[in-house]
>>> print(open('final_0.cif').read())   # mmCIF, C-alpha atoms
data_entry
#
loop_
_atom_site.group_PDB
_atom_site.id
_atom_site.type_symbol
_atom_site.label_atom_id
_atom_site.label_comp_id
_atom_site.auth_asym_id
_atom_site.auth_seq_id
_atom_site.Cartn_x
_atom_site.Cartn_y
_atom_site.Cartn_z
ATOM 1 C CA MET A 1 -17.701 14.243 -2.565
ATOM 2 C CA LEU A 2 -19.101 15.903 0.494
ATOM 3 C CA ILE A 3 -16.911 17.893 2.839
ATOM 4 C CA ASN A 4 -18.823 18.266 6.058
ATOM 5 C CA GLU A 5 -18.605 21.724 7.529
ATOM 6 C CA ASN A 6 -20.004 20.715 10.903
ATOM 7 C CA LYS A 7 -19.083 17.551 12.782
ATOM 8 C CA ASN A 8 -22.461 17.585 14.538
ATOM 9 C CA ILE A 9 -24.251 16.606 11.335
ATOM 10 C CA ILE A 10 -22.422 13.274 11.064
ATOM 11 C CA ASP A 11 -25.031 10.559 11.375
ATOM 12 C CA TRP A 12 -22.910 7.435 11.526
ATOM 13 C CA ARG A 13 -26.013 5.212 11.349
ATOM 14 C CA GLN A 14 -26.336 5.892 7.624
ATOM 15 C CA TYR A 15 -22.985 4.199 7.006
ATOM 16 C CA GLY A 16 -23.858 0.701 8.262
ATOM 17 C CA ARG A 17 -21.020 -1.598 9.285
ATOM 18 C CA ILE A 18 -17.751 0.311 9.536
ATOM 19 C CA ALA A 19 -14.134 -0.807 9.298
ATOM 20 C CA VAL A 20 -11.472 1.731 10.271
ATOM 21 C CA PHE A 21 -8.111 1.750 8.471
ATOM 22 C CA ILE A 22 -5.348 3.835 10.086
ATOM 23 C CA ASP A 23 -2.311 4.870 8.027
ATOM 24 C CA VAL A 24 -0.278 5.659 11.136
ATOM 25 C CA ALA A 25 2.613 7.449 9.414
ATOM 26 C CA ASN A 26 0.193 9.819 7.687
ATOM 27 C CA VAL A 27 -1.745 10.385 10.914
ATOM 28 C CA ILE A 28 1.388 11.166 12.939
ATOM 29 C CA TYR A 29 2.554 13.834 10.491
ATOM 30 C CA SER A 30 -0.942 15.283 10.154
ATOM 31 C CA LEU A 31 -1.440 15.661 13.875
ATOM 32 C CA ARG A 32 2.084 16.924 14.510
ATOM 33 C CA ASP A 33 1.098 20.021 12.540
ATOM 34 C CA LEU A 34 -2.032 20.374 14.675
ATOM 35 C CA GLY A 35 -0.117 20.005 17.937
ATOM 36 C CA TRP A 36 -1.879 16.965 19.362
ATOM 37 C CA ARG A 37 -1.702 13.168 19.295
ATOM 38 C CA ILE A 38 -4.319 10.456 19.163
ATOM 39 C CA ASP A 39 -5.119 8.316 22.152
ATOM 40 C CA TYR A 40 -5.932 5.116 20.267
ATOM 41 C CA LYS A 41 -7.930 3.733 23.212
ATOM 42 C CA LYS A 42 -10.182 6.806 23.024
ATOM 43 C CA LEU A 43 -10.472 6.444 19.241
ATOM 44 C CA GLN A 44 -11.527 2.815 19.689
ATOM 45 C CA LYS A 45 -14.061 3.758 22.366
ATOM 46 C CA TYR A 46 -15.469 6.506 20.124
ATOM 47 C CA PHE A 47 -16.050 4.126 17.234
ATOM 48 C CA LYS A 48 -17.419 1.343 19.463
ATOM 49 C CA ASN A 49 -19.922 3.793 20.959
ATOM 50 C CA ASN A 50 -20.992 5.508 17.728
ATOM 51 C CA VAL A 51 -20.910 2.983 14.882
ATOM 52 C CA LYS A 52 -21.466 -0.662 14.027
ATOM 53 C CA LEU A 53 -17.750 -1.345 14.240
ATOM 54 C CA VAL A 54 -16.313 -4.268 12.325
ATOM 55 C CA ASP A 55 -12.714 -3.685 13.397
ATOM 56 C CA ILE A 56 -9.875 -1.180 13.516
ATOM 57 C CA TYR A 57 -6.800 -1.893 11.398
ATOM 58 C CA PHE A 58 -3.529 -0.220 12.361
ATOM 59 C CA TYR A 59 -0.732 0.023 9.735
ATOM 60 C CA TYR A 60 2.650 0.911 11.147
ATOM 61 C CA SER A 61 6.355 0.701 10.335
ATOM 62 C CA THR A 62 8.737 0.393 13.251
ATOM 63 C CA LYS A 63 12.360 -0.067 14.182
ATOM 64 C CA LYS A 64 12.883 -3.273 16.161
ATOM 65 C CA GLU A 65 14.954 -1.563 18.842
ATOM 66 C CA ASN A 66 12.290 1.047 19.702
ATOM 67 C CA ASN A 67 10.829 -0.133 23.033
ATOM 68 C CA GLY A 68 8.290 2.699 23.213
ATOM 69 C CA GLN A 69 6.773 1.592 19.938
ATOM 70 C CA ALA A 70 6.799 -2.029 21.116
ATOM 71 C CA ASP A 71 4.827 -1.047 24.241
ATOM 72 C CA LEU A 72 2.257 0.828 22.141
ATOM 73 C CA LEU A 73 1.840 -2.106 19.770
ATOM 74 C CA GLU A 74 1.470 -4.552 22.652
ATOM 75 C CA MET A 75 -1.236 -2.379 24.243
ATOM 76 C CA LEU A 76 -3.100 -2.074 20.926
ATOM 77 C CA ALA A 77 -2.970 -5.837 20.397
ATOM 78 C CA ARG A 78 -4.407 -6.374 23.904
ATOM 79 C CA LYS A 79 -7.194 -3.889 23.089
ATOM 80 C CA GLY A 80 -8.138 -5.880 19.989
ATOM 81 C CA PHE A 81 -6.719 -3.716 17.216
ATOM 82 C CA GLN A 82 -5.757 -5.594 14.061
ATOM 83 C CA LEU A 83 -2.068 -4.759 13.708
ATOM 84 C CA ARG A 84 -0.176 -4.742 10.436
ATOM 85 C CA VAL A 85 3.402 -3.948 11.406
ATOM 86 C CA LYS A 86 6.402 -3.833 9.124
ATOM 87 C CA ASP A 87 10.071 -3.264 9.915
ATOM 88 C CA VAL A 88 11.611 -0.040 8.676
ATOM 89 C CA LYS A 89 14.241 -0.737 6.036
ATOM 90 C CA GLU A 90 17.576 1.043 6.143
ATOM 91 C CA ILE A 91 18.805 1.721 2.613
ATOM 92 C CA LYS A 92 22.416 2.761 2.069
ATOM 93 C CA LEU A 93 22.971 5.370 -0.632
ATOM 94 C CA LYS A 94 26.077 5.867 -2.787
ATOM 95 C CA HIS A 95 27.911 8.335 -0.560
ATOM 96 C CA GLY A 96 27.376 6.481 2.703
ATOM 97 C CA ASN A 97 24.145 8.220 3.634
ATOM 98 C CA TYR A 98 21.093 6.217 4.613
ATOM 99 C CA ILE A 99 17.396 6.601 4.034
ATOM 100 C CA PHE A 100 14.736 4.814 6.006
ATOM 101 C CA LYS A 101 11.724 3.319 4.283
ATOM 102 C CA GLY A 102 8.668 1.856 5.922
ATOM 103 C CA ASN A 103 5.413 2.009 4.063
ATOM 104 C CA CYS A 104 2.308 -0.099 4.689
ATOM 105 C CA ASP A 105 0.142 1.216 1.836
ATOM 106 C CA VAL A 106 0.071 -2.145 0.047
ATOM 107 C CA GLU A 107 -1.017 -3.979 3.203
ATOM 108 C CA LEU A 108 -3.779 -1.445 3.832
ATOM 109 C CA THR A 109 -4.944 -1.754 0.220
ATOM 110 C CA ILE A 110 -5.053 -5.550 0.344
ATOM 111 C CA ASP A 111 -7.006 -5.541 3.609
ATOM 112 C CA MET A 112 -9.529 -2.946 2.450
ATOM 113 C CA ILE A 113 -10.241 -5.050 -0.644
ATOM 114 C CA ASP A 114 -10.215 -8.453 1.089
ATOM 115 C CA LEU A 115 -12.496 -7.257 3.883
ATOM 116 C CA MET A 116 -15.166 -5.693 1.635
ATOM 117 C CA PRO A 117 -17.760 -8.402 2.450
ATOM 118 C CA ALA A 118 -17.503 -7.492 6.157
ATOM 119 C CA TYR A 119 -18.165 -3.740 5.959
ATOM 120 C CA ASP A 120 -20.446 -1.196 4.288
ATOM 121 C CA THR A 121 -18.175 1.795 4.862
ATOM 122 C CA ALA A 122 -14.420 2.131 5.197
ATOM 123 C CA VAL A 123 -13.135 4.974 7.351
ATOM 124 C CA LEU A 124 -9.638 5.838 6.140
ATOM 125 C CA LEU A 125 -7.436 7.880 8.448
ATOM 126 C CA SER A 126 -5.103 9.189 5.759
ATOM 127 C CA GLY A 127 -4.927 11.857 3.126
ATOM 128 C CA ASP A 128 -2.385 10.027 0.964
ATOM 129 C CA SER A 129 -3.205 10.403 -2.738
ATOM 130 C CA ASP A 130 -1.973 6.844 -3.321
ATOM 131 C CA PHE A 131 -5.287 5.655 -1.876
ATOM 132 C CA ALA A 132 -7.501 7.459 -4.431
ATOM 133 C CA ALA A 133 -7.542 4.453 -6.794
ATOM 134 C CA LEU A 134 -8.358 2.155 -3.866
ATOM 135 C CA ILE A 135 -11.266 4.372 -2.842
ATOM 136 C CA LYS A 136 -12.691 4.291 -6.356
ATOM 137 C CA TYR A 137 -12.272 0.511 -6.493
ATOM 138 C CA VAL A 138 -14.185 -0.200 -3.281
ATOM 139 C CA GLN A 139 -16.871 2.305 -4.294
ATOM 140 C CA ARG A 140 -17.381 0.404 -7.561
ATOM 141 C CA HIS A 141 -18.129 -2.590 -5.353
ATOM 142 C CA GLY A 142 -20.883 -0.756 -3.510
ATOM 143 C CA LYS A 143 -18.917 0.490 -0.512
ATOM 144 C CA LYS A 144 -18.634 4.000 0.888
ATOM 145 C CA VAL A 145 -15.393 5.600 2.005
ATOM 146 C CA ILE A 146 -14.933 8.373 4.547
ATOM 147 C CA SER A 147 -11.502 9.965 4.830
ATOM 148 C CA ILE A 148 -10.253 11.804 7.905
ATOM 149 C CA SER A 149 -7.194 14.048 7.649
ATOM 150 C CA THR A 150 -6.029 17.634 7.974
ATOM 151 C CA ARG A 151 -5.020 20.582 5.820
ATOM 152 C CA GLY A 152 -1.633 20.129 4.229
ATOM 153 C CA HIS A 153 -1.895 16.349 4.502
ATOM 154 C CA ILE A 154 -5.024 15.684 2.470
ATOM 155 C CA SER A 155 -4.678 15.316 -1.264
ATOM 156 C CA ARG A 156 -7.116 16.759 -3.756
ATOM 157 C CA GLU A 157 -7.537 13.218 -5.140
ATOM 158 C CA ILE A 158 -8.774 11.914 -1.787
ATOM 159 C CA ILE A 159 -11.170 14.822 -1.298
ATOM 160 C CA GLN A 160 -12.588 14.247 -4.775
ATOM 161 C CA SER A 161 -12.808 10.456 -4.397
ATOM 162 C CA ALA A 162 -14.154 9.906 -0.886
ATOM 163 C CA ASP A 163 -17.885 9.883 -0.185
ATOM 164 C CA ASN A 164 -17.271 12.115 2.791
ATOM 165 C CA PHE A 165 -14.303 13.961 4.246
ATOM 166 C CA LEU A 166 -13.859 14.931 7.889
ATOM 167 C CA TRP A 167 -11.187 16.988 9.645
ATOM 168 C CA PHE A 168 -9.104 15.500 12.475
ATOM 169 C CA ASN A 169 -9.711 18.545 14.678
ATOM 170 C CA TRP A 170 -13.418 17.690 14.835
ATOM 171 C CA PHE A 171 -12.403 14.677 16.907
ATOM 172 C CA LYS A 172 -9.828 16.356 19.142
ATOM 173 C CA ASN A 173 -12.109 16.398 22.191
ATOM 174 C CA ASP A 174 -12.857 12.691 21.732
ATOM 175 C CA TRP A 175 -9.439 11.347 20.685
ATOM 176 C CA ASN A 176 -6.781 13.677 22.154
ATOM 177 C CA LEU A 177 -3.982 12.055 24.126
ATOM 178 C CA SER A 178 -4.092 14.153 27.302
ATOM 179 C CA ARG A 179 -0.877 14.551 29.210
#
>>> encode(input="final_0.cif", output="structure tokens")
Amino acid sequence: MLINENKNIIDWRQYGRIAVFIDVANVIYSLRDLGWRIDYKKLQKYFKNNVKLVDIYFYYSTKKENNGQADLLEMLARKGFQLRVKDVKEIKLKHGNYIFKGNCDVELTIDMIDLMPAYDTAVLLSGDSDFAALIKYVQRHGKKVISISTRGHISREIIQSADNFLWFNWFKNDWNLSR
């Protein structure tokens, strides 16, 4: 596994056709610690301008009543993102407390496997260790995987498994949601 120390040495041409898989929950928590948010239109423009882009897949759990999230999802759909959206489940615990669960890891895994004929390299925006086995699987089928995440949100398993690892902050100038 290669951890690039300088974003300027990334030659995207060597990676062929690229599909981008965004684990939104992981990205939100990663960037919260860094103090910035992604402008997904800028992210899309970046990849369209720099790689042979197959598509961008966006995995997100949402509450139905959240209009702000609905507006974001509508905009992304208009921009051509492939959306995989799941409702957050409310689970009641013994003592009347609730937990909320909304995880799209299985959907991301299925897509990354099903779409292998369409791409040469998967770019995974996540540091979730649950994806280490997936990375190894697609690599055994001749694909490369690049992971993008941040300290405190990247697992050792992902760093060791991915063909390349990049830090979110390297893309701040290109992807930052400016207020």
>>> closest_atom_pairs(input="final_0.cif", of="range 33-134 of chain A", to="range 156-162 of chain A", cutoff="8 Å", atoms="only C-alpha atoms", output="CSV")
residue,atom,partner,partner_atom,distance
A:Gly127,CA,A:Ile158,CA,6.2
A:Asp128,CA,A:Ile158,CA,7.2
A:Ser129,CA,A:Glu157,CA,5.7
A:Phe131,CA,A:Ile158,CA,7.2
A:Ala132,CA,A:Ile158,CA,5.3
>>> axis_aligned_box(input="final_0.cif", around="range 69-83 of chain A", padding_each_side="3 Å", output="AutoDock Vina command-line options")
--center_x -0.7 --center_y -2.4 --center_z 19.0 --size_x 20.9 --size_y 14.0 --size_z 16.5
>>> resolve_selection(input="final_0.cif", expression="the PyMOL selection byres ((chain A and resi 135-146) around 7)", output="number ranges by chain")
A: 113, 120-124, 131-134, 147-148, 161-165
>>> write_last_selection(input="final_0.cif", atoms="C-alpha atoms", output="short mmCIF file (atom, residue, chain, number, x, y, z; two decimals), keeping the file's coordinate frame")
data_model
loop_
_atom_site.label_atom_id
_atom_site.label_comp_id
_atom_site.auth_asym_id
_atom_site.auth_seq_id
_atom_site.Cartn_x
_atom_site.Cartn_y
_atom_site.Cartn_z
CA ILE A 113 -10.24 -5.05 -0.64
CA ASP A 120 -20.45 -1.20 4.29
CA THR A 121 -18.18 1.80 4.86
CA ALA A 122 -14.42 2.13 5.20
CA VAL A 123 -13.14 4.97 7.35
CA LEU A 124 -9.64 5.84 6.14
CA PHE A 131 -5.29 5.66 -1.88
CA ALA A 132 -7.50 7.46 -4.43
CA ALA A 133 -7.54 4.45 -6.79
CA LEU A 134 -8.36 2.15 -3.87
CA SER A 147 -11.50 9.96 4.83
CA ILE A 148 -10.25 11.80 7.90
CA SER A 161 -12.81 10.46 -4.40
CA ALA A 162 -14.15 9.91 -0.89
CA ASP A 163 -17.89 9.88 -0.18
CA ASN A 164 -17.27 12.12 2.79
CA PHE A 165 -14.30 13.96 4.25
#
>>> residues_around(input="final_0.cif", residues="range 11-19 of chain A", least_positions_apart="3", cutoff="9 Å", atoms="only C-alpha atoms", output="number ranges by chain")
A: 8, 47, 50-57, 112, 115, 118-124, 144
>>> resolve_selection(input="final_0.cif", expression="the PyMOL selection byres ((chain A and resi 70-76) around 12)", output="ChimeraX atom specification")
/A:24,39-44,56-69,77-87
>>> atom_distance(input="final_0.cif", atom1="CA of Ile110 in chain A", atom2="CA of Asn176 in chain A")
29.1 Å
>>> resolve_selection(input="final_0.cif", expression="the PyMOL selection byres ((chain A and resi 178) around 9)", output="list in words")
Trp36, Arg37, Ile38, Asp39, Trp175, Asn176, Leu177 and Arg179 of chain A
>>> atom_distance(input="final_0.cif", atom1="CA of Asp174 in chain A", atom2="CA of Ser126 in chain A")
18.1 Å
>>> residues_near_point(input="final_0.cif", point="(-0.5, 10.9, 7.5)", cutoff="9 Å", atoms="all atoms listed in the file", output="ChimeraX atom specification")
/A:22-31,125-128,149-150,153-154
>>> atom_distance(input="final_0.cif", atom1="CA of Cys104 in chain A", atom2="CA of Met116 in chain A")
18.6 Å
